[in-house]
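What follows is a single structure, written as structure tokens, with notes after it.
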Amino acid sequence: MLVWYVIQVINGREDVMRERIEHMVPAGAMRELFYPQYQTEIKIHGEWVKTIKPLFPGYLI
């Protein structure tokens, strides 16, 4: 049986918290830890720039 948990973290700190959790939790206790992302474009100084943003900001799965 596969069980998923959601962890709320500080918005914008998903990568940092993912690394901290992976470092602290024993290898066999967790299958994977991730946050879904999507690619979009934002306009910066009049130019469109591709960027990747979290689908659910502030949450790890």
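Just so we're on the same page: first chain in the structure tokens is A, next is B, and so on; residues restart at 1 for each chain, and ligands are numbered from 1 in the order they show up.
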Original post:
Can you tell me, as a ChimeraX atom specification, what residues are no more than 7 Å from A:Ile61 when counting only C-alpha atoms, ignoring any on the same chain fewer than 3 positions away?
Top reply: /A:4-7,33-35
Just the strand (DSSP E or B) stuff from chain A, please, per backbone DSSP, written as a short mmCIF file (atom, residue, chain, number, x, y, z; two decimals) with N, CA and C atoms, in the first residue's frame.
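Contents of part-v3.cif, as written:
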data_model
loop_
_atom_site.label_atom_id
_atom_site.label_comp_id
_atom_site.auth_asym_id
_atom_site.auth_seq_id
_atom_site.Cartn_x
_atom_site.Cartn_y
_atom_site.Cartn_z
N ILE A 7 3.79 17.85 3.25
CA ILE A 7 4.48 18.61 4.28
C ILE A 7 4.44 20.08 3.88
N GLN A 8 3.94 20.92 4.77
CA GLN A 8 3.92 22.35 4.49
C GLN A 8 5.25 22.96 4.92
N GLN A 37 6.37 20.65 -10.36
CA GLN A 37 6.73 21.94 -10.94
C GLN A 37 6.14 22.05 -12.33
N TYR A 38 6.03 23.29 -12.81
CA TYR A 38 5.60 23.53 -14.18
C TYR A 38 6.46 24.62 -14.80
N GLN A 39 6.57 24.57 -16.12
CA GLN A 39 7.36 25.57 -16.83
C GLN A 39 6.43 26.63 -17.39
N THR A 40 6.82 27.87 -17.25
CA THR A 40 6.02 28.99 -17.75
C THR A 40 6.97 30.09 -18.20
N GLU A 41 6.41 31.16 -18.69
CA GLU A 41 7.21 32.30 -19.08
C GLU A 41 6.72 33.53 -18.33
N ILE A 42 7.68 34.35 -17.88
CA ILE A 42 7.34 35.61 -17.23
C ILE A 42 8.07 36.74 -17.96
N LYS A 43 7.50 37.91 -17.88
CA LYS A 43 8.09 39.05 -18.57
C LYS A 43 8.99 39.81 -17.60
N ILE A 44 10.26 39.92 -17.96
CA ILE A 44 11.23 40.65 -17.15
C ILE A 44 11.88 41.70 -18.04
N GLU A 47 11.12 41.42 -21.74
CA GLU A 47 11.45 40.19 -22.46
C GLU A 47 10.83 39.00 -21.73
N TRP A 48 10.36 38.02 -22.52
CA TRP A 48 9.79 36.81 -21.95
C TRP A 48 10.93 35.86 -21.60
N VAL A 49 10.92 35.37 -20.38
CA VAL A 49 11.95 34.47 -19.88
C VAL A 49 11.28 33.20 -19.37
N LYS A 50 11.80 32.03 -19.81
CA LYS A 50 11.26 30.75 -19.33
C LYS A 50 11.70 30.54 -17.89
N THR A 51 10.77 30.05 -17.07
CA THR A 51 11.05 29.79 -15.67
C THR A 51 10.28 28.56 -15.22
N ILE A 52 10.75 27.97 -14.15
CA ILE A 52 10.07 26.81 -13.56
C ILE A 52 9.57 27.22 -12.19
N LYS A 53 8.30 26.95 -11.94
CA LYS A 53 7.67 27.31 -10.67
C LYS A 53 7.02 26.09 -10.04
N PRO A 54 6.91 26.08 -8.71
CA PRO A 54 6.23 24.97 -8.04
C PRO A 54 4.72 25.00 -8.32
N TYR A 59 4.64 23.42 -0.45
CA TYR A 59 4.30 22.05 -0.08
C TYR A 59 5.25 21.05 -0.71
N LEU A 60 5.62 20.04 0.06
CA LEU A 60 6.39 18.90 -0.41
C LEU A 60 5.49 17.67 -0.34
#
Subject >> A:His45, A:Pro36, A:Leu2, A:Arg20 ranked by distance to A:Gly58, top pick (using only C-alpha atoms) >> reply: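 Of A:His45, A:Pro36, A:Leu2, A:Arg20, the one nearest A:Gly58, counting only C-alpha atoms, is A:Pro36.
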**OP:** Tell me, in Å to one decimal, how far atom CA of A:Ile10 is from atom CA of A:Phe56.
**Re:**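 We find that atom CA of A:Ile10 and atom CA of A:Phe56 lie 11.7 Å from each other.
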Subject >> DSSP alpha helix (DSSP H) selection over chain A, as a list in words >> reply: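 The residues of chain A classed as alpha helix (DSSP H) are Glu14, Asp15, Val16, Met17, Arg18, Glu19, Arg20, Ile21, Glu22, His23 and Met24 of chain A.
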Original post:
For the atom pair atom CA of A:Ala27 and atom CA of A:Leu55, what is the interatomic distance in Å to one decimal place?
Top reply: 26.0 Å
Original post:
What separation in Å, quoted to one decimal, exists between atom CA of A:Asn11 and atom CA of A:Pro57?
Top reply: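 It comes out at 5.6 Å.
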